[in-house]
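Have a look at model21.tsv below; it lists TSV, C-alpha atoms.
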```
chain	number	residue	atom	x	y	z
A	1	MET	CA	71.69	-21.00	0.27
A	2	SER	CA	68.58	-18.83	0.39
A	3	SER	CA	69.82	-16.92	-2.64
A	4	ALA	CA	70.58	-20.24	-4.38
A	5	LEU	CA	66.86	-20.98	-4.17
A	6	THR	CA	65.42	-17.56	-4.97
A	7	ASP	CA	67.91	-16.94	-7.78
A	8	LEU	CA	66.07	-19.64	-9.71
A	9	PHE	CA	62.95	-17.48	-10.12
A	10	PRO	CA	62.38	-13.69	-10.02
A	11	HIS	CA	59.29	-13.69	-7.80
A	12	PRO	CA	59.22	-15.55	-4.44
A	13	ILE	CA	56.15	-17.44	-5.62
A	14	VAL	CA	56.04	-21.24	-5.88
A	15	GLN	CA	53.13	-23.11	-7.46
A	16	ALA	CA	52.41	-26.07	-5.20
A	17	PRO	CA	52.63	-29.55	-6.72
A	18	MET	CA	49.06	-30.86	-6.61
A	19	ALA	CA	48.82	-34.58	-7.39
A	20	GLY	CA	45.91	-36.24	-9.13
A	21	GLY	CA	46.25	-34.48	-12.47
A	22	VAL	CA	46.09	-30.85	-11.28
A	23	SER	CA	49.71	-29.74	-11.68
A	24	VAL	CA	50.02	-30.37	-15.40
A	25	PRO	CA	52.92	-29.12	-17.57
A	26	LYS	CA	50.80	-26.29	-18.99
A	27	LEU	CA	50.21	-24.87	-15.51
A	28	ALA	CA	53.83	-25.22	-14.39
A	29	ALA	CA	55.09	-23.63	-17.62
A	30	ALA	CA	52.77	-20.62	-17.27
A	31	VAL	CA	53.97	-20.01	-13.71
A	32	CYS	CA	57.63	-20.35	-14.71
A	33	GLU	CA	57.26	-18.00	-17.67
A	34	ALA	CA	55.68	-15.38	-15.40
A	35	GLY	CA	58.62	-15.49	-12.99
A	36	GLY	CA	57.45	-17.99	-10.39
A	37	LEU	CA	58.55	-21.58	-9.79
A	38	GLY	CA	56.20	-24.09	-11.40
A	39	PHE	CA	55.98	-27.66	-10.13
A	40	LEU	CA	54.98	-31.04	-11.49
A	41	ALA	CA	53.53	-33.65	-9.13
A	42	ALA	CA	55.00	-37.14	-9.47
A	43	GLY	CA	52.50	-38.58	-6.98
A	44	TYR	CA	50.20	-41.31	-8.36
A	45	LYS	CA	51.98	-41.28	-11.73
A	46	THR	CA	54.16	-43.98	-13.26
A	47	ALA	CA	57.86	-43.25	-13.72
A	48	ASP	CA	57.34	-43.12	-17.49
A	49	GLY	CA	54.37	-40.79	-17.05
A	50	LEU	CA	56.61	-38.48	-15.00
A	51	TYR	CA	59.34	-38.62	-17.64
A	52	GLN	CA	56.88	-37.69	-20.39
A	53	GLU	CA	55.54	-34.74	-18.37
A	54	ILE	CA	59.08	-33.46	-17.75
A	55	LYS	CA	59.78	-33.65	-21.48
A	56	GLN	CA	56.56	-31.78	-22.23
A	57	LEU	CA	57.31	-29.08	-19.66
A	58	ARG	CA	60.79	-28.58	-21.07
A	59	SER	CA	59.25	-28.03	-24.49
A	60	LEU	CA	57.09	-25.26	-23.01
A	61	THR	CA	59.67	-23.37	-20.95
A	62	ALA	CA	63.42	-23.10	-20.53
A	63	ARG	CA	63.06	-21.69	-17.02
A	64	PRO	CA	63.76	-23.65	-13.81
A	65	PHE	CA	60.95	-25.85	-12.47
A	66	GLY	CA	60.40	-28.46	-9.79
A	67	VAL	CA	59.11	-32.01	-9.35
A	68	ASN	CA	57.49	-33.29	-6.16
A	69	VAL	CA	57.89	-36.91	-5.03
A	70	PHE	CA	55.90	-38.86	-2.43
A	71	MET	CA	57.98	-40.81	0.06
A	72	PRO	CA	57.27	-44.58	0.32
A	73	GLN	CA	54.86	-45.33	3.14
A	74	PRO	CA	55.88	-47.49	6.09
A	75	GLU	CA	53.93	-50.59	6.87
A	76	TYR	CA	51.84	-48.89	9.54
A	77	PRO	CA	50.85	-45.39	10.70
A	78	GLY	CA	53.28	-43.80	13.11
A	79	ALA	CA	56.31	-45.50	11.59
A	80	SER	CA	59.02	-43.11	10.48
A	81	THR	CA	59.57	-42.39	6.79
A	82	GLY	CA	62.89	-40.80	7.59
A	83	SER	CA	64.83	-39.95	10.72
A	84	THR	CA	62.06	-38.49	12.86
A	85	GLY	CA	61.84	-41.26	15.43
A	86	ALA	CA	60.59	-44.71	16.20
A	87	ALA	CA	57.15	-46.05	15.43
A	88	THR	CA	54.55	-45.65	18.15
A	89	ALA	CA	51.21	-46.61	16.60
A	90	ALA	CA	49.65	-49.97	15.95
A	91	PRO	CA	49.49	-51.30	12.39
A	92	PRO	CA	46.26	-50.63	10.51
A	93	SER	CA	43.88	-53.53	10.81
A	94	ALA	CA	42.95	-55.24	7.55
A	95	ALA	CA	39.58	-55.73	9.19
A	96	ALA	CA	39.19	-51.95	9.59
A	97	VAL	CA	39.83	-51.47	5.87
A	98	ASP	CA	37.34	-54.24	5.11
A	99	VAL	CA	34.72	-52.60	7.32
A	100	TYR	CA	35.23	-49.29	5.52
A	101	ALA	CA	34.96	-51.06	2.16
A	102	HIS	CA	31.64	-52.51	3.27
A	103	GLN	CA	30.47	-49.02	4.24
A	104	LEU	CA	31.41	-47.76	0.76
A	105	ALA	CA	29.45	-50.48	-1.03
A	106	GLY	CA	26.52	-48.12	-1.49
A	107	GLU	CA	28.80	-45.53	-3.10
A	108	ALA	CA	30.11	-48.14	-5.52
A	109	ALA	CA	26.56	-49.10	-6.46
A	110	TRP	CA	25.53	-45.46	-6.90
A	111	TYR	CA	28.46	-44.67	-9.19
A	112	GLU	CA	28.21	-48.06	-10.92
A	113	THR	CA	31.84	-48.94	-10.32
A	114	GLU	CA	33.92	-51.39	-8.31
A	115	LEU	CA	35.95	-50.41	-5.29
A	116	GLY	CA	39.71	-50.37	-5.82
A	117	ASP	CA	42.22	-52.88	-4.50
A	118	PRO	CA	43.62	-51.52	-1.22
A	119	GLU	CA	46.77	-53.62	-1.69
A	120	SER	CA	47.90	-51.78	-4.83
A	121	GLY	CA	51.29	-50.76	-3.45
A	122	ARG	CA	52.84	-48.52	-0.83
A	123	ASP	CA	55.90	-46.98	-2.48
A	124	ASP	CA	54.31	-45.03	-5.39
A	125	GLY	CA	57.16	-46.16	-7.65
A	126	TYR	CA	59.66	-44.20	-5.56
A	127	ASP	CA	62.88	-45.83	-6.76
A	128	ALA	CA	61.87	-45.69	-10.42
A	129	LYS	CA	60.99	-42.00	-10.15
A	130	LEU	CA	64.29	-41.23	-8.43
A	131	ALA	CA	66.05	-42.99	-11.30
A	132	VAL	CA	64.25	-40.71	-13.77
A	133	LEU	CA	65.25	-37.61	-11.78
A	134	LEU	CA	68.89	-38.70	-11.54
A	135	ASP	CA	69.12	-39.68	-15.21
A	136	ASN	CA	67.36	-36.49	-16.32
A	137	PRO	CA	68.12	-33.94	-13.58
A	138	VAL	CA	65.64	-31.13	-12.97
A	139	PRO	CA	66.42	-27.86	-11.13
A	140	VAL	CA	64.34	-28.56	-8.00
A	141	VAL	CA	62.92	-31.69	-6.34
A	142	SER	CA	60.71	-31.66	-3.24
A	143	PHE	CA	59.52	-34.55	-1.05
A	144	HIS	CA	56.26	-35.10	0.85
A	145	PHE	CA	55.31	-37.57	3.63
A	146	GLY	CA	58.78	-37.99	5.07
A	147	VAL	CA	62.51	-37.40	4.76
A	148	PRO	CA	64.67	-39.03	2.08
A	149	SER	CA	67.96	-40.61	3.07
A	150	ARG	CA	71.13	-38.52	3.00
A	151	ASP	CA	72.36	-40.68	0.11
A	152	VAL	CA	69.34	-39.71	-1.99
A	153	LEU	CA	69.69	-36.01	-1.18
A	154	ASP	CA	73.43	-36.08	-1.84
A	155	SER	CA	72.90	-37.85	-5.17
A	156	LEU	CA	70.42	-35.21	-6.28
A	157	ARG	CA	72.77	-32.43	-5.18
A	158	ARG	CA	75.60	-33.95	-7.22
A	159	ALA	CA	73.22	-33.96	-10.19
A	160	GLY	CA	72.73	-30.22	-9.73
A	161	THR	CA	69.26	-30.43	-8.14
A	162	PHE	CA	68.10	-28.20	-5.28
A	163	THR	CA	66.14	-30.26	-2.71
A	164	LEU	CA	63.24	-29.35	-0.42
A	165	VAL	CA	61.31	-31.47	2.10
A	166	THR	CA	57.95	-30.69	3.72
A	167	ALA	CA	57.72	-30.32	7.49
A	168	THR	CA	54.71	-29.57	9.68
A	169	THR	CA	56.60	-29.04	12.97
A	170	ALA	CA	59.93	-27.62	14.08
A	171	GLU	CA	61.04	-31.15	15.02
A	172	GLU	CA	60.34	-32.37	11.50
A	173	ALA	CA	62.21	-29.37	10.07
A	174	PHE	CA	65.23	-30.29	12.20
A	175	ALA	CA	65.14	-33.81	10.76
A	176	VAL	CA	65.00	-32.30	7.26
A	177	GLU	CA	68.09	-30.21	7.94
A	178	GLN	CA	69.96	-33.13	9.52
A	179	ALA	CA	69.27	-35.30	6.48
A	180	GLY	CA	70.97	-32.73	4.27
A	181	ALA	CA	68.11	-31.10	2.36
A	182	ASP	CA	68.77	-27.65	0.92
A	183	ALA	CA	65.53	-26.10	2.22
A	184	VAL	CA	62.37	-26.94	4.13
A	185	ILE	CA	58.74	-26.36	3.17
A	186	ALA	CA	56.89	-25.20	6.28
A	187	GLN	CA	53.34	-26.47	5.78
A	188	GLY	CA	50.80	-24.86	8.06
A	189	VAL	CA	47.59	-26.58	9.06
A	190	GLU	CA	45.67	-24.16	6.76
A	191	ALA	CA	47.01	-25.95	3.66
A	192	GLY	CA	44.74	-27.79	1.27
A	193	GLY	CA	45.35	-31.42	0.37
A	194	HIS	CA	47.44	-33.85	2.36
A	195	GLN	CA	49.37	-32.77	5.40
A	196	GLY	CA	53.00	-33.70	4.82
A	197	THR	CA	53.59	-35.11	8.31
A	198	HIS	CA	56.53	-37.48	8.60
A	199	ARG	CA	54.51	-39.83	10.78
A	200	ASP	CA	50.77	-40.37	10.51
A	201	ILE	CA	49.64	-40.53	14.12
A	202	PRO	CA	45.84	-40.84	14.47
A	203	GLU	CA	45.94	-39.25	17.93
A	204	ASN	CA	46.96	-35.97	16.26
A	205	ASP	CA	44.01	-35.79	13.85
A	206	GLY	CA	42.64	-32.27	13.58
A	207	SER	CA	45.61	-30.68	15.30
A	208	GLY	CA	48.31	-28.68	13.62
A	209	ILE	CA	50.26	-25.44	13.72
A	210	GLY	CA	49.23	-22.26	11.90
A	211	LEU	CA	51.66	-21.10	9.22
A	212	LEU	CA	53.03	-17.92	10.80
A	213	SER	CA	53.65	-19.65	14.13
A	214	LEU	CA	55.26	-22.56	12.30
A	215	ILE	CA	57.61	-20.32	10.31
A	216	ALA	CA	58.76	-18.63	13.53
A	217	GLN	CA	59.35	-21.95	15.27
A	218	ILE	CA	61.25	-23.42	12.33
A	219	ARG	CA	63.28	-20.22	11.86
A	220	GLU	CA	64.55	-20.62	15.42
A	221	THR	CA	65.34	-24.31	14.86
A	222	VAL	CA	67.14	-24.57	11.51
A	223	ARG	CA	69.47	-22.52	9.34
A	224	ILE	CA	68.28	-23.71	5.93
A	225	PRO	CA	65.83	-21.58	3.89
A	226	ILE	CA	62.09	-21.88	4.46
A	227	VAL	CA	59.35	-21.99	1.84
A	228	ALA	CA	56.02	-21.11	3.46
A	229	ALA	CA	52.86	-23.08	2.53
A	230	GLY	CA	49.33	-23.03	3.86
A	231	GLY	CA	46.28	-20.94	3.01
A	232	ILE	CA	48.17	-18.23	1.08
A	233	MET	CA	45.96	-16.54	-1.52
A	234	ARG	CA	47.14	-12.90	-1.70
A	235	GLY	CA	50.40	-11.05	-2.13
A	236	SER	CA	49.96	-9.44	1.27
A	237	GLN	CA	50.04	-12.91	2.83
A	238	ILE	CA	53.25	-13.67	0.93
A	239	ALA	CA	54.69	-10.48	2.41
A	240	ALA	CA	53.71	-11.66	5.90
A	241	ALA	CA	55.36	-15.03	5.35
A	242	LEU	CA	58.55	-13.38	4.10
A	243	ALA	CA	58.54	-10.98	7.06
A	244	ALA	CA	58.19	-13.98	9.39
A	245	GLY	CA	61.36	-15.51	7.96
A	246	ALA	CA	60.45	-17.42	4.81
A	247	SER	CA	62.41	-17.04	1.57
A	248	ALA	CA	59.42	-17.79	-0.67
A	249	ALA	CA	55.77	-18.81	-0.50
A	250	GLN	CA	54.11	-21.88	-1.99
A	251	LEU	CA	50.49	-21.55	-3.18
A	252	GLY	CA	48.26	-24.42	-4.25
A	253	THR	CA	44.58	-23.53	-3.96
A	254	ALA	CA	45.28	-20.13	-5.51
A	255	PHE	CA	46.36	-21.86	-8.74
A	256	LEU	CA	43.66	-24.54	-8.62
A	257	ALA	CA	41.05	-22.31	-10.29
A	258	THR	CA	43.28	-21.16	-13.16
A	259	PRO	CA	42.36	-22.28	-16.69
A	260	GLU	CA	45.74	-24.05	-17.01
A	261	SER	CA	45.07	-26.21	-13.93
A	262	GLY	CA	44.12	-29.81	-14.65
A	263	ALA	CA	41.49	-29.83	-11.89
A	264	ASN	CA	38.00	-31.00	-12.74
A	265	ALA	CA	35.60	-28.17	-13.59
A	266	ALA	CA	33.31	-29.12	-10.70
A	267	HIS	CA	36.26	-28.86	-8.32
A	268	LYS	CA	37.18	-25.40	-9.60
A	269	GLN	CA	33.61	-24.16	-9.33
A	270	ALA	CA	33.24	-25.53	-5.79
A	271	LEU	CA	36.04	-23.30	-4.47
A	272	THR	CA	33.83	-20.22	-4.53
A	273	ASN	CA	30.42	-21.90	-4.47
A	274	PRO	CA	28.49	-20.65	-1.39
A	275	LEU	CA	27.33	-24.24	-0.87
A	276	TYR	CA	30.79	-25.13	0.45
A	277	VAL	CA	31.34	-22.87	3.44
A	278	ARG	CA	34.31	-24.54	5.14
A	279	THR	CA	37.13	-27.02	4.89
A	280	GLU	CA	38.07	-29.89	7.17
A	281	LEU	CA	40.90	-32.36	7.66
A	282	THR	CA	39.63	-35.82	6.77
A	283	ARG	CA	40.74	-39.39	6.14
A	284	ALA	CA	37.61	-40.16	4.13
A	285	PHE	CA	39.25	-40.31	0.70
A	286	SER	CA	42.77	-41.55	1.38
A	287	GLY	CA	43.18	-42.75	4.94
A	288	ARG	CA	45.58	-39.87	5.69
A	289	PRO	CA	44.67	-36.39	6.97
A	290	ALA	CA	43.98	-34.03	4.06
A	291	ARG	CA	42.10	-30.73	3.95
A	292	GLY	CA	39.14	-30.47	1.61
A	293	LEU	CA	35.80	-28.75	1.19
A	294	VAL	CA	33.13	-30.37	3.33
A	295	ASN	CA	30.78	-32.25	1.01
A	296	ARG	CA	28.42	-35.21	1.34
A	297	PHE	CA	31.12	-37.88	1.06
A	298	LEU	CA	33.31	-36.24	3.68
A	299	ARG	CA	30.42	-35.78	6.11
A	300	GLU	CA	29.08	-39.32	5.73
A	301	HIS	CA	32.34	-41.26	5.68
A	302	GLY	CA	34.99	-39.09	7.33
A	303	PRO	CA	34.15	-40.12	10.91
A	304	TYR	CA	34.59	-43.81	10.04
A	305	ALA	CA	37.65	-43.81	7.78
A	306	PRO	CA	40.58	-45.70	9.33
A	307	ALA	CA	44.18	-44.50	9.42
A	308	ALA	CA	45.34	-46.55	6.47
A	309	TYR	CA	47.20	-44.74	3.70
A	310	PRO	CA	47.53	-45.58	0.87
A	311	GLU	CA	45.07	-48.48	1.28
A	312	ILE	CA	42.04	-46.18	1.53
A	313	HIS	CA	43.39	-44.04	-1.34
A	314	HIS	CA	43.46	-47.11	-3.58
A	315	LEU	CA	40.06	-48.28	-2.29
A	316	THR	CA	38.26	-45.01	-3.08
A	317	SER	CA	40.10	-44.17	-6.30
A	318	PRO	CA	37.40	-45.59	-8.65
A	319	LEU	CA	34.70	-43.76	-6.67
A	320	ARG	CA	36.49	-40.42	-6.95
A	321	LYS	CA	37.09	-40.92	-10.66
A	322	ALA	CA	33.46	-41.85	-11.27
A	323	ALA	CA	32.20	-38.84	-9.32
A	324	ALA	CA	34.54	-36.52	-11.26
A	325	LYS	CA	33.42	-38.01	-14.57
A	326	ALA	CA	29.81	-37.40	-13.58
A	327	GLY	CA	30.61	-33.85	-12.42
A	328	ASP	CA	29.29	-34.75	-8.97
A	329	ALA	CA	31.21	-32.54	-6.55
A	330	GLN	CA	29.47	-34.17	-3.58
A	331	GLY	CA	31.41	-37.38	-4.19
A	332	MET	CA	34.78	-35.88	-5.10
A	333	ALA	CA	37.85	-35.13	-3.02
A	334	LEU	CA	37.63	-31.33	-3.18
A	335	TRP	CA	41.07	-30.55	-1.81
A	336	ALA	CA	41.31	-26.89	-0.82
A	337	GLY	CA	43.03	-24.67	1.72
A	338	GLN	CA	41.27	-22.46	4.23
A	339	GLY	CA	41.46	-19.45	1.89
A	340	HIS	CA	39.53	-21.15	-0.93
A	341	ARG	CA	36.82	-18.48	-1.11
A	342	MET	CA	39.53	-16.02	-2.22
A	343	ALA	CA	40.33	-18.01	-5.37
A	344	ARG	CA	40.55	-15.97	-8.58
A	345	GLU	CA	39.82	-17.38	-12.02
A	346	LEU	CA	42.81	-15.73	-13.67
A	347	PRO	CA	45.28	-17.24	-16.12
A	348	ALA	CA	48.21	-18.64	-14.14
A	349	GLY	CA	50.75	-16.18	-15.57
A	350	GLN	CA	48.50	-13.24	-14.82
A	351	LEU	CA	47.89	-14.53	-11.30
A	352	VAL	CA	51.66	-14.57	-10.67
A	353	GLU	CA	51.87	-10.97	-11.88
A	354	VAL	CA	48.94	-9.90	-9.68
A	355	LEU	CA	50.44	-11.64	-6.64
A	356	ALA	CA	53.82	-10.01	-7.31
A	357	GLY	CA	52.12	-6.60	-7.54
A	358	GLU	CA	50.25	-7.18	-4.28
A	359	LEU	CA	53.49	-8.27	-2.62
A	360	ALA	CA	55.28	-5.12	-3.78
A	361	ALA	CA	52.40	-2.94	-2.56
A	362	ALA	CA	52.41	-4.65	0.84
A	363	ARG	CA	56.14	-4.13	1.20
A	364	THR	CA	55.82	-0.46	0.24
A	365	ALA	CA	53.03	0.02	2.75
A	366	LEU	CA	55.10	-1.61	5.47
A	367	LEU	CA	58.07	0.67	4.77
A	368	ALA	CA	55.79	3.71	4.82
A	369	PHE	CA	54.33	2.80	8.21
A	370	PRO	CA	55.59	5.17	10.94
A	371	GLN	CA	58.25	3.54	13.06
A	372	PRO	CA	58.23	3.80	16.88
A	373	GLY	CA	59.77	7.08	17.97
A	374	SER	CA	59.37	8.75	14.57
A	375	VAL	CA	57.75	12.17	14.23
```
What is this file in structure tokens?
Amino acid sequence: MSSALTDLFPHPIVQAPMAGGVSVPKLAAAVCEAGGLGFLAAGYKTADGLYQEIKQLRSLTARPFGVNVFMPQPEYPGASTGSTGAATAAPPSAAAVDVYAHQLAGEAAWYETELGDPESGRDDGYDAKLAVLLDNPVPVVSFHFGVPSRDVLDSLRRAGTFTLVTATTAEEAFAVEQAGADAVIAQGVEAGGHQGTHRDIPENDGSGIGLLSLIAQIRETVRIPIVAAGGIMRGSQIAAALAAGASAAQLGTAFLATPESGANAAHKQALTNPLYVRTELTRAFSGRPARGLVNRFLREHGPYAPAAYPEIHHLTSPLRKAAAKAGDAQGMALWAGQGHRMARELPAGQLVEVLAGELAAARTALLAFPQPGSV
């Protein structure tokens, strides 16, 4: 099964699906053409918007690519979005969302926009997007925020699609394998953007497992292939992930700064701007833990944001769009992994080639290292 995944692309390099307009067809096509696996992000798009992007990507490359889908969110944090266990947390209070909306009133006035409607939906058009992917099968589909049903995974397999599901613990990886997915994405706490936990438990905020430890734990728990994700910016780190037991590595922040990326210019510039010295997991922008560069918005509102996804995502959406339009990085969700300062402004295809070269060099160096007992 590992070879079934890696046979799809020459280099064990996967471009992470970054929602919000970052993972555009041009970026995915450039990665695919260079020998990696490019991804589109279905999150926050309509089903028709996804269909149009798939058509566009197919016009740019004939190579295999992937599409990432967000799982529908349960009615309250802690509830399972798959088979990982029973709910343990209390439902988010509408009053808590209202209090946060009141706190953001000054932001709305500053950016001269209205706050969004927190009750704009919880399923992200899941069923409609699955229909698109079953009617027009793509080579790879991955899932975030939970585990799809076995029926869904089996239907995609019958359509010829290879399936992956994100896990942030060995227990979640076991649930992924039990559901019938073809592979698991091991997402370390270093990763930028949203943590793909199957249950959003507020008590676990700020905690998480580092990537190399996570790969080792998952490798001892499941038999399906592992794709490593979290803070990877160099080929030598890919080599480390492969040595730890992964079949491929998924990189997001590394591709964020490429010219093909759909990220806002202010976001790209912030990755290496000395003003932004660290990242932090926050609920400030979406109500769910996500890693981003620490800016004014995160500092001022992060401590008070309730555990309410996607309500807070919908609420802050107009603010984020207004800040991006104004080029104000202090009000934007600057998603980034812990290795953001290592970002390189290279064309995506060239970046794949550089990463592949670094990976080969790291492997050669490892083989040349004297083994115990050698003369």
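Closest to His314 in chain A among A:Asp205, A:Glu119, A:Glu112, A:Asp48 is A:Glu119, based on all atoms listed in the file.
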Which neighbours of Phe9 in chain A fall inside 8 Å, counting all atoms listed in the file, when residues of the same chain fewer than 2 positions from it are skipped, and could you give them as a PDB file with C-alpha atoms, in the coordinates of the input?
```pdb
ATOM      1  CA  LEU A   5      66.860 -20.980  -4.170  1.00  0.00           C
ATOM      2  CA  THR A   6      65.420 -17.560  -4.970  1.00  0.00           C
ATOM      3  CA  ASP A   7      67.910 -16.940  -7.780  1.00  0.00           C
ATOM      4  CA  HIS A  11      59.290 -13.690  -7.800  1.00  0.00           C
ATOM      5  CA  PRO A  12      59.220 -15.550  -4.440  1.00  0.00           C
ATOM      6  CA  CYS A  32      57.630 -20.350 -14.710  1.00  0.00           C
ATOM      7  CA  GLY A  35      58.620 -15.490 -12.990  1.00  0.00           C
ATOM      8  CA  GLY A  36      57.450 -17.990 -10.390  1.00  0.00           C
ATOM      9  CA  LEU A  37      58.550 -21.580  -9.790  1.00  0.00           C
ATOM     10  CA  PRO A  64      63.760 -23.650 -13.810  1.00  0.00           C
TER      11      PRO A  64
END
```
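Closest to Asp182 in chain A among A:Val97, A:Leu156, A:Leu251, A:Ala333 is A:Leu156, based on all atoms listed in the file.
The space separating CA of Asp123 in chain A from CA of Thr168 in chain A comes to 21.3 Å.
Omitting Phe145 in chain A and its sequence neighbours fewer than 4 positions away, and counting only C-alpha atoms, the residues within 6 Å are Met71, Gly196, Thr197 and His198 of chain A.
Every protein, DNA or RNA residue with an atom at most 7 Å from Ala246 in chain A, where all atoms listed in the file count and chain neighbours fewer than 6 positions away do not, is listed here: Ile215, Pro225, Ile226, Val227 and Ala228 of chain A.
Rounded to one decimal, CA of Gly339 in chain A and CA of Arg234 in chain A lie 9.4 Å from each other.
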Go ahead and find all residues with at least one atom no further than 12 Å from (26.9, -25.3, -4.2) in the file's coordinates, using all atoms listed in the file; report them as an mmCIF file with C-alpha atoms, in the coordinates of the input.
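out-v1.cif was written with the following content:
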```cif
data_model
loop_
_atom_site.group_PDB
_atom_site.id
_atom_site.type_symbol
_atom_site.label_atom_id
_atom_site.label_comp_id
_atom_site.auth_asym_id
_atom_site.auth_seq_id
_atom_site.Cartn_x
_atom_site.Cartn_y
_atom_site.Cartn_z
ATOM 1 C CA ALA A 266 33.310 -29.120 -10.700
ATOM 2 C CA HIS A 267 36.260 -28.860 -8.320
ATOM 3 C CA LYS A 268 37.180 -25.400 -9.600
ATOM 4 C CA GLN A 269 33.610 -24.160 -9.330
ATOM 5 C CA ALA A 270 33.240 -25.530 -5.790
ATOM 6 C CA LEU A 271 36.040 -23.300 -4.470
ATOM 7 C CA THR A 272 33.830 -20.220 -4.530
ATOM 8 C CA ASN A 273 30.420 -21.900 -4.470
ATOM 9 C CA PRO A 274 28.490 -20.650 -1.390
ATOM 10 C CA LEU A 275 27.330 -24.240 -0.870
ATOM 11 C CA TYR A 276 30.790 -25.130 0.450
ATOM 12 C CA VAL A 277 31.340 -22.870 3.440
ATOM 13 C CA ARG A 278 34.310 -24.540 5.140
ATOM 14 C CA LEU A 293 35.800 -28.750 1.190
ATOM 15 C CA VAL A 294 33.130 -30.370 3.330
ATOM 16 C CA ASN A 295 30.780 -32.250 1.010
ATOM 17 C CA ARG A 296 28.420 -35.210 1.340
ATOM 18 C CA ASP A 328 29.290 -34.750 -8.970
ATOM 19 C CA ALA A 329 31.210 -32.540 -6.550
ATOM 20 C CA GLN A 330 29.470 -34.170 -3.580
#
```
Please identify all polymer residues lying at most 6 Å from the point (44.9, -21.2, -16.0) (file coordinates), using all atoms listed in the file, and present the result as number ranges by chain.
A: 258-261, 347-348
Distance CA of Gly160 in chain A-CA of Glu220 in chain A, one decimal place?
28.1 Å
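The shell of residues at most 9 Å from Val141 in chain A, with all atoms listed in the file counted and near chain neighbours (fewer than 4 positions) removed, consists of Phe39, Phe65, Gly66, Val67, Asn68, Val69, Leu133, Leu156, Thr161, Phe162, Thr163, Leu164 and Val165 of chain A.
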Applying 8 Å and all atoms listed in the file, which residues near His301 in chain A remain after dropping the ones on its own chain fewer than 4 positions away? List them as a PDB file with C-alpha atoms, in the frame of the given file.
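Contents of the output file result23.pdb:
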```pdb
ATOM      1  CA  ALA A 284      37.610 -40.160   4.130  1.00  0.00           C
ATOM      2  CA  PHE A 297      31.120 -37.880   1.060  1.00  0.00           C
ATOM      3  CA  ALA A 305      37.650 -43.810   7.780  1.00  0.00           C
TER       4      ALA A 305
END
```
Residue among A:Ala254, A:Thr316, A:Arg122, A:Thr166 lying closest to Ile13 in chain A, counting only C-alpha atoms
A:Ala254
Pick from A:Ala365, A:Leu355, A:Leu298, A:Ala308, whichever lies nearest to Ala95 in chain A using only C-alpha atoms:
A:Ala308
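Each of A:Ser120, A:Pro310, A:Arg150, A:Leu40 was checked against Ala16 in chain A using all atoms listed in the file; the smallest atom-to-atom distance is that of A:Leu40.
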Using only C-alpha atoms, the shortest atom-to-atom distance to Ser155 in chain A among A:Ala257, A:Ala322, A:Leu134, A:Ala167 belongs to A:Leu134
Range 29-36 of chain A from the block above: N, CA, C and O atoms written as an mmCIF file, in the first residue's frame:
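The file below, out.cif, is the result:
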```cif
data_model
loop_
_atom_site.group_PDB
_atom_site.id
_atom_site.type_symbol
_atom_site.label_atom_id
_atom_site.label_comp_id
_atom_site.auth_asym_id
_atom_site.auth_seq_id
_atom_site.Cartn_x
_atom_site.Cartn_y
_atom_site.Cartn_z
ATOM 1 N N ALA A 29 -0.513 22.421 -9.680
ATOM 2 C CA ALA A 29 0.008 21.952 -10.971
ATOM 3 C C ALA A 29 1.527 22.047 -11.017
ATOM 4 O O ALA A 29 2.203 21.129 -11.506
ATOM 5 N N ALA A 30 2.086 23.130 -10.497
ATOM 6 C CA ALA A 30 3.543 23.302 -10.508
ATOM 7 C C ALA A 30 4.223 22.211 -9.682
ATOM 8 O O ALA A 30 5.268 21.676 -10.073
ATOM 9 N N VAL A 31 3.633 21.878 -8.539
ATOM 10 C CA VAL A 31 4.196 20.828 -7.684
ATOM 11 C C VAL A 31 4.115 19.480 -8.388
ATOM 12 O O VAL A 31 5.081 18.696 -8.398
ATOM 13 N N CYS A 32 2.961 19.189 -8.982
ATOM 14 C CA CYS A 32 2.782 17.914 -9.688
ATOM 15 C C CYS A 32 3.767 17.777 -10.847
ATOM 16 O O CYS A 32 4.404 16.725 -11.019
ATOM 17 N N GLU A 33 3.921 18.833 -11.620
ATOM 18 C CA GLU A 33 4.806 18.780 -12.785
ATOM 19 C C GLU A 33 6.261 18.584 -12.386
ATOM 20 O O GLU A 33 7.059 18.034 -13.150
ATOM 21 N N ALA A 34 6.609 19.012 -11.159
ATOM 22 C CA ALA A 34 7.984 18.856 -10.680
ATOM 23 C C ALA A 34 8.218 17.507 -10.021
ATOM 24 O O ALA A 34 9.345 17.202 -9.612
ATOM 25 N N GLY A 35 7.176 16.686 -9.902
ATOM 26 C CA GLY A 35 7.344 15.360 -9.337
ATOM 27 C C GLY A 35 6.836 15.175 -7.934
ATOM 28 O O GLY A 35 7.027 14.108 -7.334
ATOM 29 N N GLY A 36 6.178 16.197 -7.371
ATOM 30 C CA GLY A 36 5.555 16.057 -6.065
ATOM 31 C C GLY A 36 4.069 15.784 -6.225
ATOM 32 O O GLY A 36 3.581 15.564 -7.335
#
```
